[in-house]
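Structure first, then comments.
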Amino acid sequence: MSTLYITTQGANVQRRSGQIVIGKGREILQNVPETQVRQLILFGNINLSTPVVSFCLEKDIEVVYLSQGGRFQGRLVGNGRKNAEIRVRQYDLARDEHFRLLQIRAIVSGKIRNQIDFAVRQSETNSKEISTLKKLLQNAENAMRAETLLGIEGASSAAYFAMMRRWIPLPWKFEKRSANPPKNEVNALLSLSYTLIYNRLESLLNLAGLDAFQGFFHAPKDGHAALASDLTEEFRSVFCDSLVLRLIRRKQLNLNHFERKNGSFRLNKDGSKMFFGEFEAKMASQRKTESGDAVSFGEIMKRQVYQLARVVRGTEKVYKPYRLR
């Protein structure tokens with residue numbers, strides 16, 4: 001099963017003889033057997049035919065709409081799996097301050113642990129930022145208020161991105177994290193990778209019967225899948241930042257793979273093809289879990305979502321984020 005990334009502006013997506021066909025004018029850009037399609041991710045001005053929409057709704061194939069620059073806009077989903085019982089419990093627990101504190105403490109601590117472990121892999125063993133992160137981890141593990149943990153998470157991100165400046169080779173530039181809009185090429189890659197992970201997790205949360213818009217760490221707001229953002233935190237460094245650094249250091253991407261519009265950077269056609277291929281390859285790559293078995297990153301994310309579902313159901317007490325091994 002595959003995810004189709006469609007970036008050609010003005011492209012048409014149609015269904016013909018058991019195939020999903022992507023074309024523009026008279027040119028066929030790509031065709032894939034419909035049975036192999038798991039998700040469509042559309043960037044900008046892409047047109048879906050009514051038969052494609054009907055097929056996606058019937059088969060629970062998600063269609064994700066992003067701006068041309070990769071900013072999330074919305075999604076088309078079928079009826080999917082609905083479970084009123086687990087969602088009622090989720091809403092009740094979101095109002096339980098003790099439960100929220102336990103989960104937020106776990107989420108923030110898990111994020112910082114992965115930041116430290118990933119930074120050590122970049123030879124950051126004795127830097128002042130590593131010392132800061134270790135102190136913040138201790139503070140997070142002992143925090144007694146959700147508001148305190150919000151401040152700790154912000155401080156950890158500041159220390160972590162201060163180190164990242166040293167990891168980016170010339171001629172690339174990265175002074176600080178800027179998301180909306182991304183003000184340089186590195187930030188564009190980070191934002192895109194975070195968005196793709198967020199969307200993957202939102203899809204899995206829906207399949208698990210949870211409400212992706214009711215988070216425990218991130219506050220609910222219109223159009224934001226807060227629970228997906230909660231789970232994204234543990235994967236930022238170990239998946240997204242790792243992928244971006246690898247593509248830059250191996251020179252698989254260069255500055256000519258980007259274009260700039262209205263002060264915002266984004267990948268061009270060739271850059272997008274390279275990035276999405278590498279993203280899916282990393283998603284399929286095997287990692288060892290604490291139990292010792294080797295599974296794909298995609299499977300790890302699925303397991304994390306279903307672990308959270310067990311916490312919501314009450315069969316486990318506290319969520320345990322994935323940790324880099």
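Chain labels follow the order of the structure tokens: the first chain is A, the next B, and so on; residue numbering restarts at 1 in every chain, and ligands are counted from 1 in their shown order.
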
Review point. Can you list, as JSON, numbers by chain, every protein, DNA or RNA residue that comes within 12 Å of region 261-267 of chain A when you count only C-alpha atoms, leaving out same-chain residues fewer than 4 positions away?
Key: {"A": [7, 8, 43, 67, 68, 69, 70, 71, 178, 179, 180, 181, 182, 183, 184, 185, 186, 187, 188, 189, 190, 191, 192, 193, 253, 254, 255, 256, 257, 271, 272, 273, 274, 275, 276]}

Practice item. Might you pull out every residue within 6 Å of Gly23 (chain A), with only C-alpha atoms counted and same-chain residues fewer than 3 positions away left off, and present them as a PyMOL selection string? Key: chain A and resi 11-12+27-29

Store the residues picked out above, limited to N, CA and C atoms, as a PDB file, in the first residue's frame.
ATOM      1  N   ALA A  11      -2.977  19.454 -11.977  1.00  0.00           N
ATOM      2  CA  ALA A  11      -3.105  18.028 -12.304  1.00  0.00           C
ATOM      3  C   ALA A  11      -4.522  17.542 -12.013  1.00  0.00           C
ATOM      4  N   ASN A  12      -4.936  16.519 -12.750  1.00  0.00           N
ATOM      5  CA  ASN A  12      -6.246  15.894 -12.569  1.00  0.00           C
ATOM      6  C   ASN A  12      -6.053  14.449 -12.106  1.00  0.00           C
ATOM      7  N   GLU A  27      -1.208  14.559 -21.014  1.00  0.00           N
ATOM      8  CA  GLU A  27      -0.069  13.793 -20.495  1.00  0.00           C
ATOM      9  C   GLU A  27      -0.457  13.027 -19.233  1.00  0.00           C
ATOM     10  N   ILE A  28      -0.101  11.747 -19.187  1.00  0.00           N
ATOM     11  CA  ILE A  28      -0.280  10.941 -17.990  1.00  0.00           C
ATOM     12  C   ILE A  28       1.010  11.005 -17.178  1.00  0.00           C
ATOM     13  N   LEU A  29       0.913  11.515 -15.967  1.00  0.00           N
ATOM     14  CA  LEU A  29       2.084  11.680 -15.117  1.00  0.00           C
ATOM     15  C   LEU A  29       2.384  10.436 -14.301  1.00  0.00           C
TER      16      LEU A  29
END

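Of the listed residues A:His218, A:Met144, A:Arg246, A:Leu4, the one whose atoms come nearest to Glu97 (chain A) is A:Met144, with distances taken using only C-alpha atoms.
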
**Study point:** Leu136 (chain A) environment, 12 Å, only C-alpha atoms, sequence neighbours closer than 5 positions dropped, as a list in words
**Key:** Arg105, Val108, Ser109, Gly110, Lys111, Ile112, Arg113, Gln115, Ile116, Glu129, Ile130, Ser131, Glu141, Asn142, Ala143, Thr148, Leu149, Leu150, Gly151, Ile152, Glu153, Gly154, Ala155, Ser156, Ser157, Ala158, Ala159 and Tyr160 of chain A

Residues of region 32-87 of chain A that approach region 194-201 of chain A to 12 Å or less, counting only C-alpha atoms: could you list each one with the shortest pair of atoms and its distance in Å to one decimal, rows by chain and increasing residue number, as CSV?
residue,atom,partner,partner_atom,distance
A:Arg38,CA,A:Arg200,CA,11.1
A:Gln39,CA,A:Arg200,CA,9.6
A:Leu40,CA,A:Asn199,CA,11.3
A:Ile41,CA,A:Leu196,CA,9.2
A:Leu42,CA,A:Leu196,CA,11.7
A:Phe43,CA,A:Leu196,CA,11.9
A:Glu62,CA,A:Asn199,CA,10.0
A:Val63,CA,A:Asn199,CA,10.4
A:Val64,CA,A:Asn199,CA,7.9
A:Tyr65,CA,A:Asn199,CA,10.2
A:Leu66,CA,A:Thr195,CA,9.2
A:Ser67,CA,A:Thr195,CA,11.3
A:Gly69,CA,A:Thr195,CA,11.0
A:Gly70,CA,A:Thr195,CA,7.5
A:Arg71,CA,A:Thr195,CA,7.2
A:Phe72,CA,A:Thr195,CA,7.0
A:Gln73,CA,A:Thr195,CA,10.7
A:Gly74,CA,A:Asn199,CA,9.9
A:Arg75,CA,A:Asn199,CA,9.3

Review point. From the set A:Gln90, A:Asn114, A:Asn83, A:Ser203, which residue has the shortest atom-to-atom contact distance to Ile61 (chain A), counting only C-alpha atoms?
Key: A:Ser203

**Study point:** Option closest in space to Met301 (chain A), from A:Ala146, A:Ile6, A:Ile46, A:Ala228 [counting only C-alpha atoms]
**Key:**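 Of A:Ala146, A:Ile6, A:Ile46, A:Ala228, the one nearest Met301 (chain A) is A:Ala228, counting only C-alpha atoms.
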
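Distance-wise, CA of Val305 (chain A) and CA of Lys320 (chain A) end up 10.6 Å apart.
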
Review point. Of the candidates A:Asn139, A:Gln36, A:Ser285, A:Gln30, which shows the shortest atom-to-atom distance to Ile300 (chain A), using only C-alpha atoms?
Key: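 That would be A:Ser285, the residue with the smallest distance to Ile300 (chain A).
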
Point to revise | Arg16 (chain A) environment, 10 Å, only C-alpha atoms, sequence neighbours closer than 4 positions dropped, as an MDAnalysis selection string | key: chainID A and resid 20:21 31 33:34 51:52

Write a file of the just-selected residues containing N, CA and C atoms, as an mmCIF file, in the first residue's frame.
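What ended up in part-v5.cif:
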data_model
loop_
_atom_site.group_PDB
_atom_site.id
_atom_site.type_symbol
_atom_site.label_atom_id
_atom_site.label_comp_id
_atom_site.auth_asym_id
_atom_site.auth_seq_id
_atom_site.Cartn_x
_atom_site.Cartn_y
_atom_site.Cartn_z
ATOM 1 N N ILE A 20 -5.711 4.442 -10.490
ATOM 2 C CA ILE A 20 -5.760 5.863 -10.167
ATOM 3 C C ILE A 20 -4.781 6.537 -11.111
ATOM 4 N N VAL A 21 -5.290 7.408 -11.966
ATOM 5 C CA VAL A 21 -4.491 8.015 -13.027
ATOM 6 C C VAL A 21 -4.325 9.508 -12.738
ATOM 7 N N ASN A 31 0.304 6.461 -12.965
ATOM 8 C CA ASN A 31 -0.887 5.641 -12.728
ATOM 9 C C ASN A 31 -0.523 4.492 -11.793
ATOM 10 N N PRO A 33 -2.290 1.081 -9.481
ATOM 11 C CA PRO A 33 -3.476 0.250 -9.219
ATOM 12 C C PRO A 33 -4.228 0.764 -7.989
ATOM 13 N N GLU A 34 -5.531 0.907 -8.121
ATOM 14 C CA GLU A 34 -6.315 1.491 -7.028
ATOM 15 C C GLU A 34 -6.235 0.671 -5.744
ATOM 16 N N PRO A 51 -15.659 10.228 -9.407
ATOM 17 C CA PRO A 51 -15.433 8.796 -9.151
ATOM 18 C C PRO A 51 -14.283 8.524 -8.184
ATOM 19 N N VAL A 52 -13.238 9.339 -8.234
ATOM 20 C CA VAL A 52 -12.123 9.160 -7.297
ATOM 21 C C VAL A 52 -12.577 9.486 -5.883
#

Practice item. Quick one: pull the distance between CA of Ala140 (chain A) and CA of Gln122 (chain A), Å, one decimal. Key: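 So the two atoms, CA of Ala140 (chain A) and CA of Gln122 (chain A), lie 23.4 Å apart.
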
Review point. Just how far from CA of Val120 (chain A) is CA of Ala284 (chain A), in Å to one decimal?
Key: 24.5 Å
